[in-house]
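Data file: final00.cif. Format and content: mmCIF, C-alpha atoms.
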data_input
#
loop_
_atom_site.label_atom_id
_atom_site.label_comp_id
_atom_site.auth_asym_id
_atom_site.auth_seq_id
_atom_site.Cartn_x
_atom_site.Cartn_y
_atom_site.Cartn_z
CA MET A 919 11.31 -12.76 15.58
CA LYS A 920 8.10 -13.07 13.56
CA ASP A 921 8.10 -14.38 9.99
CA PHE A 922 6.44 -11.43 8.25
CA LYS A 923 6.34 -13.31 4.93
CA LYS A 924 3.58 -15.52 6.34
CA LEU A 925 1.33 -12.56 7.11
CA GLN A 926 -1.56 -12.12 4.68
CA ILE A 927 -1.29 -8.35 5.00
CA TRP A 928 2.36 -8.50 3.89
CA GLN A 929 1.51 -10.84 0.98
CA LYS A 930 -1.31 -8.54 -0.13
CA GLY A 931 1.11 -5.60 0.11
CA ILE A 932 3.54 -7.35 -2.24
CA GLU A 933 0.71 -8.00 -4.68
CA ILE A 934 -0.19 -4.30 -4.59
CA VAL A 935 3.44 -3.38 -5.36
CA LYS A 936 3.43 -5.66 -8.41
CA LEU A 937 0.09 -4.30 -9.63
CA SER A 938 1.22 -0.71 -9.08
CA TYR A 939 4.39 -1.19 -11.08
CA LYS A 940 2.50 -2.84 -13.94
CA PHE A 941 -0.03 -0.04 -13.90
CA THR A 942 2.43 2.85 -13.76
CA GLU A 943 4.35 1.47 -16.75
CA LYS A 944 1.37 2.56 -18.84
CA LEU A 945 1.32 6.15 -17.62
CA PRO A 946 2.85 9.03 -19.62
CA SER A 947 6.61 9.35 -19.30
CA THR A 948 6.08 12.99 -18.28
CA GLU A 949 4.78 11.65 -14.96
CA ARG A 950 7.74 9.33 -14.38
CA PHE A 951 9.32 11.55 -11.72
CA ASN A 952 6.05 12.83 -10.29
CA LEU A 953 3.01 10.63 -9.77
CA VAL A 954 4.64 7.43 -11.02
CA SER A 955 7.43 7.77 -8.48
CA GLN A 956 5.01 8.70 -5.69
CA ILE A 957 2.66 5.80 -6.48
CA ASN A 958 5.44 3.23 -6.52
CA ARG A 959 7.02 4.56 -3.32
CA ALA A 960 3.67 4.52 -1.50
CA ALA A 961 3.03 0.95 -2.68
CA ILE A 962 6.50 -0.22 -1.59
CA SER A 963 6.01 1.42 1.79
CA ILE A 964 3.06 -0.82 2.64
CA PRO A 965 4.78 -4.24 2.88
CA SER A 966 8.06 -2.62 3.95
CA ASN A 967 6.50 -1.12 7.08
CA ILE A 968 4.63 -4.32 7.85
CA ALA A 969 7.93 -6.21 7.68
CA GLU A 970 9.83 -3.65 9.73
CA GLY A 971 7.10 -3.54 12.37
CA SER A 972 7.21 -7.30 12.77
CA SER A 973 10.81 -7.00 13.98
CA ARG A 974 9.81 -4.79 16.90
CA ARG A 975 9.71 -6.22 20.39
CA SER A 976 6.71 -4.33 21.67
CA GLU A 977 3.22 -4.42 20.24
CA ARG A 978 3.07 -0.63 20.58
CA ASP A 979 6.04 -0.29 18.20
CA TYR A 980 4.53 -2.87 15.85
CA PHE A 981 1.23 -0.96 15.89
CA ARG A 982 3.04 2.25 14.91
CA PHE A 983 4.52 0.62 11.80
CA LEU A 984 1.09 -0.77 10.90
CA GLU A 985 -0.24 2.79 11.18
CA ILE A 986 2.42 3.93 8.74
CA ALA A 987 1.56 1.07 6.34
CA LEU A 988 -2.13 2.03 6.56
CA GLY A 989 -1.22 5.66 5.89
CA SER A 990 0.67 4.54 2.78
CA CYS A 991 -2.46 2.68 1.63
CA PHE A 992 -4.50 5.86 1.93
CA GLU A 993 -1.75 7.83 0.19
CA LEU A 994 -1.73 5.33 -2.68
CA GLU A 995 -5.52 5.43 -2.97
CA THR A 996 -5.40 9.23 -3.14
CA GLN A 997 -2.73 9.21 -5.84
CA LEU A 998 -4.76 6.78 -7.94
CA LEU A 999 -7.84 8.98 -7.57
CA ILE A 1000 -5.75 11.98 -8.65
CA LEU A 1001 -4.86 10.12 -11.85
CA ILE A 1002 -8.59 9.78 -12.56
CA GLU A 1003 -9.22 13.46 -11.78
CA LEU A 1004 -6.38 14.52 -14.10
CA GLY A 1005 -7.77 12.38 -16.89
CA PHE A 1006 -4.72 10.11 -17.16
CA ILE A 1007 -6.89 7.04 -16.57
CA THR A 1008 -10.51 5.99 -16.28
CA SER A 1009 -12.00 4.70 -13.07
CA GLU A 1010 -12.78 1.42 -14.85
CA SER A 1011 -9.10 0.86 -15.67
CA ILE A 1012 -8.03 1.23 -12.05
CA ASN A 1013 -10.93 -0.47 -10.23
CA GLY A 1014 -8.99 -3.71 -9.67
CA LEU A 1015 -6.02 -1.98 -8.06
CA LEU A 1016 -8.25 0.31 -6.00
CA SER A 1017 -10.18 -2.72 -4.74
CA GLU A 1018 -6.95 -4.40 -3.66
CA VAL A 1019 -5.81 -1.23 -1.87
CA LYS A 1020 -9.14 -0.92 -0.04
CA LEU A 1021 -9.01 -4.59 0.97
CA GLU A 1022 -5.48 -4.06 2.30
CA GLN A 1023 -6.70 -1.08 4.32
CA GLN A 1024 -9.37 -3.28 5.92
CA MET A 1025 -6.90 -6.09 6.58
CA ILE A 1026 -4.33 -3.81 8.22
CA SER A 1027 -7.03 -2.17 10.35
CA ALA A 1028 -8.34 -5.55 11.53
CA PHE A 1029 -4.83 -6.83 12.26
CA SER A 1030 -3.99 -3.66 14.20
CA GLN A 1031 -7.09 -4.04 16.35
CA LYS A 1032 -5.93 -7.51 17.41
CA LEU A 1033 -2.75 -6.12 18.94
CA GLN A 1034 -2.98 -5.61 22.68
CA ILE A 1035 -1.94 -1.99 23.23
#
Take the structure in the file and give it back as structure tokens.
Amino acid sequence: MKDFKKLQIWQKGIEIVKLSYKFTEKLPSTERFNLVSQINRAAISIPSNIAEGSSRRSERDYFRFLEIALGSCFELETQLLILIELGFITSESINGLLSEVKLEQQMISAFSQKLQI
């Protein structure tokens, strides 16, 4: 069994969860059950799928969970961009979180490419 907690992609995922929760606390309460919930669930999905994939015996199964984690990164990025489009936030206020999400996308993609499938 692999120790997923040592993986940089998992650690970055946890950091994104913390940043997402801090960020969504500032959003209007009217969005609590809509975008806030979606954003936090997408963020949580990233390290969760990395961890679950690390328990798999085959690299093909592991790769599939990394694909899901990457999909959650793109979902989170989209939701953050929607907040900008709706005028809930400015792009300047979210640049840090978006940068972390984009870096995580690159890291997951690079890690996935190293798997022999």
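Taking CA of Phe981 in chain A and CA of Ala1028 in chain A as the two end points, the separation is 11.5 Å.
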Where is the centre and how long are the edges: axis-aligned box on range 971-979 of chain A, 6 Å on each side, Å to one decimal, as AutoDock Vina command-line options:
--center_x 6.9 --center_y -3.8 --center_z 17.0 --size_x 19.7 --size_y 19.0 --size_z 21.3
(message) I'd like the residues picked by the PyMOL selection byres ((chain A and resi 921) around 9) written out as a PyMOL selection string, using the chain letters and numbers from the file.
(response) chain A and resi 919-920+922-925+969+972-973
(request) May I ask for the distance between CA of Asp979 in chain A and CA of Gln1023 in chain A, given in Å to one decimal place? (result) 18.9 Å
(message) So that I can see what lies close to Ile927 in chain A, please list as a count of residues only the residues with an atom at most 8 Å from it, counting only C-alpha atoms and leaving out residues fewer than 2 positions away in the same chain.
(response) 9
(message) One number please: CA of Leu984 in chain A to CA of Val1019 in chain A, in Å, one decimal.
(response)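 Interatomic distance here is 14.5 Å.
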(request) Around the point (-1.2, 9.5, -4.2), in the coordinates given by the file, pick out the residues reaching within 9 Å, counting all atoms listed in the file, and return them as a ChimeraX atom specification. (result) /A:953,956-957,960,990,992-1001
Within 12 Å of range 1013-1016 of chain A, which residues of range 923-949 of chain A show up? Give each one with its shortest atom-to-atom distance in Å (one decimal) and the two atoms involved, counting all atoms listed in the file, rows by chain then rising residue number, as a tab-separated table.
residue	atom	partner	partner_atom	distance
A:Lys930	CA	A:Leu1015	CA	11.3
A:Gly931	CA	A:Leu1015	CA	11.4
A:Glu933	CA	A:Leu1015	CA	9.6
A:Ile934	CA	A:Leu1015	CA	7.2
A:Val935	CA	A:Leu1015	CA	9.9
A:Lys936	CA	A:Leu1015	CA	10.1
A:Leu937	CA	A:Leu1015	CA	6.7
A:Ser938	CA	A:Leu1015	CA	7.4
A:Tyr939	CA	A:Leu1015	CA	10.9
A:Lys940	CA	A:Leu1015	CA	10.4
A:Phe941	CA	A:Leu1015	CA	8.6
A:Thr942	CA	A:Leu1015	CA	11.3
(request) Would you list the residues near (6.5, -0.4, 9.2), meaning any protein, DNA or RNA residue with an atom at most 7 Å from that point in file coordinates, counting only C-alpha atoms, as a PyMOL selection string? (result) chain A and resi 966-971+983-984+986-987
(request) Would you please work out which residue, of A:Leu945, A:Leu1004, A:Ile962, A:Cys991, is nearest to Lys1020 in chain A when using only C-alpha atoms? (result) A:Cys991
(message) Calculated over only C-alpha atoms, which of the candidates A:Glu977, A:Phe1006, A:Glu985, A:Asn958 has the smallest distance to Pro946 in chain A?
(response) A:Phe1006
(request) Check the smallest atom-to-atom distance from each of A:Ile932, A:Phe951, A:Ile964, A:Tyr980 to Lys1032 in chain A using all atoms listed in the file, then report the winner. (result) A:Tyr980
